[in-house]
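J.: Here it is: the structure, laid out below.
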Amino acid sequence: MAGWLRSLVGALLLLEVAAALSFLHHRYEEMVQALFRVQSQCPYVTRIYSIGRSVEGRHLYVLEFSDYPGIHEPLEPEFKYVGNMHGNEVLGRELLLQLSEFLCEEYRRGNDRITGLIHSTRIHIMPSMNPDGYEVAAKQGPDSNGYLTGRNNANGVDLNRNFPDLNTFMYYSGEISGPNHHIPLPDNWKSQVEPETLAVIQWISSYNFVLSANLHGGAVVANYPYDKSQDQRFRSHRHTVNTPTPDDKLFQKLAKTYSYAHSWMHRGWNCGDYFADGITNGASWYSLSKGMQDFNYLHTNCFEITLELSCNKFPPEEDLERQWMANREALVAFIEEVHQGIKGMVSDENNNGIAGAVISVQGISHDITSGDMGDYFRLLLPGTYTVTASAEGYQAQTVTTTVGPAAPSLVHFQLKQNVVKKPLERKASGTRANNKALQKKVVPRATRRGTQR
């Protein structure tokens, strides 16, 4: 088949799929039904699970796509999308439901790109982190002026201001260059967070997520860490401080991947704001404390950005199809970004995986760790890097590798156990025995009795 004809057929198939999808706002029960409908249509590559419940008892459901649902395959990265963290910011929720249907339909059609993505990636999709807040916003509807109604959870807490403040620990333990990876949680953290936040923290601590995006509304821009500036006095648009992570260039590339695949985000002018290339450093926009994307970067291996997707937080249903078409390619292209940099296995001399091995990249002061099976994933831009793997009880190993613009480079490490030198106990004991024998020969009997008492 000619290339132009193949492209035309592909485009017609996508239009057919788009026409088949229902562009409606989904209340909680309708959202759950939509997720289970996808699971029933693609039972061999999907799984639904709940990470916990909201304040009012609604499940926080996740739909997983994988060729082996429920199983982590070594060297297959874990990816996640989270929507509707603010209950009244609903476009992300609807887009993720559309994405779920799209992935299932295209997999069933044999779309090579989607099939390859599902076979090489474990994709986790949470349409709503704040189902209670959504129900409040939905009762108000898209035509009301209540800009904040339904934003918070049922306890009135903003979930994106509710994660442990690891930025402050980093800044005050060593200024901007202080520890910025796998920062431990405070002892009393569980008593300080909401049920939804607790569930998400336990979720992202249980899976070795590599890349993530958090979908919001109210602006059109791809926002990347850090969200919190080192000086909290700078809060307004007039006084902002760019606060980059050690992976700043990588984060800019990730953000631009979404921005330029989006129909208009990259243009910059949206919602009365201008962001060059449609991206921004979070703190450069405004400083936000206790946010989820900074928490991901500082506590786990996951690189997360925040996607602001619409000027209208609760767009009318007639606008949903246009928004889906604007975001569809970007949503797929961003998942594909998880396949870059380096990945590999860290094992011992018997080829047993070493969990928790530290992977350090020279010149980038942010480490990641290997997962339970010993596999690791380190997102990197194309270039040549010196990489070190280390683990307690083992000799560190350092290699130099080159990362290309396409698939990740495979870099395996096999660590040798530290050799523990045993003290020369036998030799020392023998010397002491010889000394005693000599003493018996040269020390008079009377004197020996006197020393024994």
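Scheme for the structure tokens: letters A, B, ... for chains in order shown; per-chain residue numbers from 1; ligand numbers from 1 in order shown.
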Just asking: which residues within segment 198-258 of chain A are strand (DSSP E or B) according to DSSP, as a list in words?
T.: Phe209, Val210, Leu211, Ser212, Ala213, Asn214, Leu215, His216, Ala219, Val220, Val221, Ala222, Asn223 and Tyr224 of chain A
J.: List the neighbours of segment 44-59 of chain A out to 6 Å using only C-alpha atoms; skip same-chain residues closer than 4 positions along the sequence, and give me the result as a PyMOL selection string.
T.: chain A and resi 39+63-67+69+195-196+199
J.: Nearest to Leu211 of chain A among A:Pro77, A:Pro405, A:Gly356, A:Pro43, with distances taken over only C-alpha atoms: which residue is it?
T.: A:Pro77
J.: List the neighbours of Val200 of chain A out to 10 Å using only C-alpha atoms; skip same-chain residues closer than 2 positions along the sequence, and give me the result as a PyMOL selection string.
T.: chain A and resi 51-52+60+82+129+163+194-198+202-206+292
J.: Save out the residues we just selected, N, CA and C atoms, as a PDB file, in the first residue's frame.
T.:
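Saved file part.pdb follows:
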```pdb
ATOM      1  N   ILE A  51      -6.228   2.502  44.977  1.00  0.00           N
ATOM      2  CA  ILE A  51      -5.108   2.773  45.880  1.00  0.00           C
ATOM      3  C   ILE A  51      -5.589   3.214  47.259  1.00  0.00           C
ATOM      4  N   GLY A  52      -6.906   3.365  47.422  1.00  0.00           N
ATOM      5  CA  GLY A  52      -7.452   3.812  48.697  1.00  0.00           C
ATOM      6  C   GLY A  52      -8.788   4.496  48.476  1.00  0.00           C
ATOM      7  N   LEU A  60     -10.284   5.503  44.886  1.00  0.00           N
ATOM      8  CA  LEU A  60      -9.345   6.195  44.005  1.00  0.00           C
ATOM      9  C   LEU A  60      -8.837   5.149  43.018  1.00  0.00           C
ATOM     10  N   VAL A  82      -2.093  11.414  36.498  1.00  0.00           N
ATOM     11  CA  VAL A  82      -3.026  11.704  37.587  1.00  0.00           C
ATOM     12  C   VAL A  82      -3.863  12.912  37.186  1.00  0.00           C
ATOM     13  N   MET A 129      -8.110  12.076  41.390  1.00  0.00           N
ATOM     14  CA  MET A 129      -7.515  11.979  42.720  1.00  0.00           C
ATOM     15  C   MET A 129      -8.433  12.603  43.766  1.00  0.00           C
ATOM     16  N   PHE A 163       1.292  17.735  50.618  1.00  0.00           N
ATOM     17  CA  PHE A 163       2.361  16.742  50.706  1.00  0.00           C
ATOM     18  C   PHE A 163       3.437  17.224  51.685  1.00  0.00           C
ATOM     19  N   GLU A 194      -4.023  14.338  54.145  1.00  0.00           N
ATOM     20  CA  GLU A 194      -5.389  13.883  53.927  1.00  0.00           C
ATOM     21  C   GLU A 194      -5.405  12.435  53.415  1.00  0.00           C
ATOM     22  N   PRO A 195      -6.558  11.757  53.520  1.00  0.00           N
ATOM     23  CA  PRO A 195      -6.633  10.363  53.057  1.00  0.00           C
ATOM     24  C   PRO A 195      -6.207  10.198  51.597  1.00  0.00           C
ATOM     25  N   GLU A 196      -6.579  11.140  50.734  1.00  0.00           N
ATOM     26  CA  GLU A 196      -6.208  11.049  49.327  1.00  0.00           C
ATOM     27  C   GLU A 196      -4.694  11.195  49.152  1.00  0.00           C
ATOM     28  N   THR A 197      -4.106  12.121  49.897  1.00  0.00           N
ATOM     29  CA  THR A 197      -2.657  12.323  49.828  1.00  0.00           C
ATOM     30  C   THR A 197      -1.917  11.108  50.363  1.00  0.00           C
ATOM     31  N   LEU A 198      -2.398  10.577  51.474  1.00  0.00           N
ATOM     32  CA  LEU A 198      -1.790   9.378  52.058  1.00  0.00           C
ATOM     33  C   LEU A 198      -1.809   8.227  51.062  1.00  0.00           C
ATOM     34  N   GLN A 202       1.586   6.415  49.441  1.00  0.00           N
ATOM     35  CA  GLN A 202       1.818   4.977  49.562  1.00  0.00           C
ATOM     36  C   GLN A 202       1.863   4.314  48.187  1.00  0.00           C
ATOM     37  N   TRP A 203       1.076   4.823  47.258  1.00  0.00           N
ATOM     38  CA  TRP A 203       1.056   4.304  45.886  1.00  0.00           C
ATOM     39  C   TRP A 203       2.392   4.524  45.192  1.00  0.00           C
ATOM     40  N   ILE A 204       2.874   5.767  45.224  1.00  0.00           N
ATOM     41  CA  ILE A 204       4.111   6.063  44.500  1.00  0.00           C
ATOM     42  C   ILE A 204       5.339   5.516  45.222  1.00  0.00           C
ATOM     43  N   SER A 205       5.152   5.101  46.476  1.00  0.00           N
ATOM     44  CA  SER A 205       6.247   4.438  47.187  1.00  0.00           C
ATOM     45  C   SER A 205       6.269   2.937  46.895  1.00  0.00           C
ATOM     46  N   SER A 206       5.166   2.419  46.361  1.00  0.00           N
ATOM     47  CA  SER A 206       5.050   0.989  46.097  1.00  0.00           C
ATOM     48  C   SER A 206       5.448   0.612  44.678  1.00  0.00           C
ATOM     49  N   MET A 292       2.739  18.242  44.742  1.00  0.00           N
ATOM     50  CA  MET A 292       2.970  16.836  44.435  1.00  0.00           C
ATOM     51  C   MET A 292       4.154  16.615  43.509  1.00  0.00           C
TER      52      MET A 292
END
```
J.: Between A:Ile114, A:Leu159, A:Leu99, A:Met31, which has the minimum distance to Ser128 of chain A (counting only C-alpha atoms)?
T.: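 Answer, going by the shortest atom-to-atom distance: A:Met31.
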J.: I need the residue nearest Tyr134 of chain A from this list: A:Gly272, A:Gly150, A:Gly344, A:Gly218. Use only C-alpha atoms for the distance.
T.: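 Checking each of A:Gly272, A:Gly150, A:Gly344, A:Gly218 against Tyr134 of chain A, counting only C-alpha atoms, the winner is A:Gly150.
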J.: Could you pull out the alpha helix (DSSP H) residues of segment 196-319 of chain A, going by DSSP on the backbone, and write them as an MDAnalysis selection string?
T.: chainID A and resid 196:206 248:261 282:285 292:299
J.: Tell me, counting only C-alpha atoms, for each residue of segment 294-399 of chain A within 7 Å of segment 243-246 of chain A, which pair of atoms is nearest and how far apart they are in Å to one decimal, in rows ordered by chain and increasing number, as CSV.
T.:
```
residue,atom,partner,partner_atom,distance
A:Ile364,CA,A:Pro246,CA,5.7
A:Ser365,CA,A:Pro246,CA,6.0
A:His366,CA,A:Pro246,CA,6.4
```
J.: Keeping C-alpha atoms for every residue in the selection just given, could you write it to a file as a tab-separated table (two decimals), in the first residue's frame?
T.:
```tsv
chain	number	residue	atom	x	y	z
A	364	ILE	CA	24.04	15.86	37.85
A	365	SER	CA	23.55	15.92	41.61
A	366	HIS	CA	20.38	13.85	41.70
```
J.: Rounded to one decimal place, report the atom CA of Tyr61 of chain A-atom CA of Lys343 of chain A distance in Å.
T.: 29.2 Å
J.: Would you mind listing what lies within 10 Å of Pro164 of chain A as a list in words, with only C-alpha atoms counted and same-chain residues fewer than 5 positions away left out?
T.: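 The filter keeps Phe169, Pro184, Leu185, Pro186, Asn188, Trp189, Lys190, Gln192, Val193, Thr197, Ile201, Ser289, Lys290, Gly291, Met292, Asp294, Phe295 and His299 of chain A.
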J.: When distances are computed from only C-alpha atoms, which of A:Ala406, A:Val358, A:Leu166, A:Ala391 shows the smallest separation from Tyr297 of chain A?
T.: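 Distance minimum relative to Tyr297 of chain A lands on A:Leu166.
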J.: For atom CA of Gly156 of chain A and atom CA of Gly133 of chain A, quote the distance in Å rounded to one decimal.
T.: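 Value for the atom CA of Gly156 of chain A-atom CA of Gly133 of chain A distance: 8.9 Å.
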J.: Would you pick out the contacts of Phe79 of chain A at 10 Å or less, using only C-alpha atoms, so that residues sharing its chain but fewer than 5 positions from it are not included, and give the list as a list in words?
T.: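 So, after excluding close chain neighbours, the residues are Glu64, Phe65, Thr121, Arg122, Ile123, His124, Ile125, Tyr207, Asn208, Phe209, Val210, Leu211, Ser212, Ala213, Cys302, Phe303, Glu304, Phe334, Ile335, Glu336, Glu337 and Val338 of chain A.
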J.: Residues of segment 124-182 of chain A that approach segment 306-326 of chain A to 9 Å or less, counting only C-alpha atoms: could you list each one with the shortest pair of atoms and its distance in Å to one decimal, rows by chain and increasing residue number, as JSON lines?
T.:
```
{"residue": "A:Ala137", "atom": "CA", "partner": "A:Phe314", "partner_atom": "CA", "distance": 8.4}
{"residue": "A:Ala138", "atom": "CA", "partner": "A:Phe314", "partner_atom": "CA", "distance": 8.6}
{"residue": "A:Gly141", "atom": "CA", "partner": "A:Phe314", "partner_atom": "CA", "distance": 7.6}
{"residue": "A:Pro142", "atom": "CA", "partner": "A:Phe314", "partner_atom": "CA", "distance": 5.1}
{"residue": "A:Asp143", "atom": "CA", "partner": "A:Pro316", "partner_atom": "CA", "distance": 7.8}
{"residue": "A:Tyr147", "atom": "CA", "partner": "A:Lys313", "partner_atom": "CA", "distance": 7.9}
```
J.: Given only C-alpha atoms as the basis, pick out the residue of A:Gly341, A:Gly374, A:Gly70, A:Gly404 nearest to Val387 of chain A.
T.: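 Looking only at the distances to Val387 of chain A, the closest residue turns out to be A:Gly341.
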J.: Measuring atom to atom with only C-alpha atoms, identify which of A:Asn152, A:Thr280, A:Asn111, A:Gln397 is nearest to Asn223 of chain A.
T.: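 For Asn223 of chain A, the nearest of the candidates is A:Thr280.
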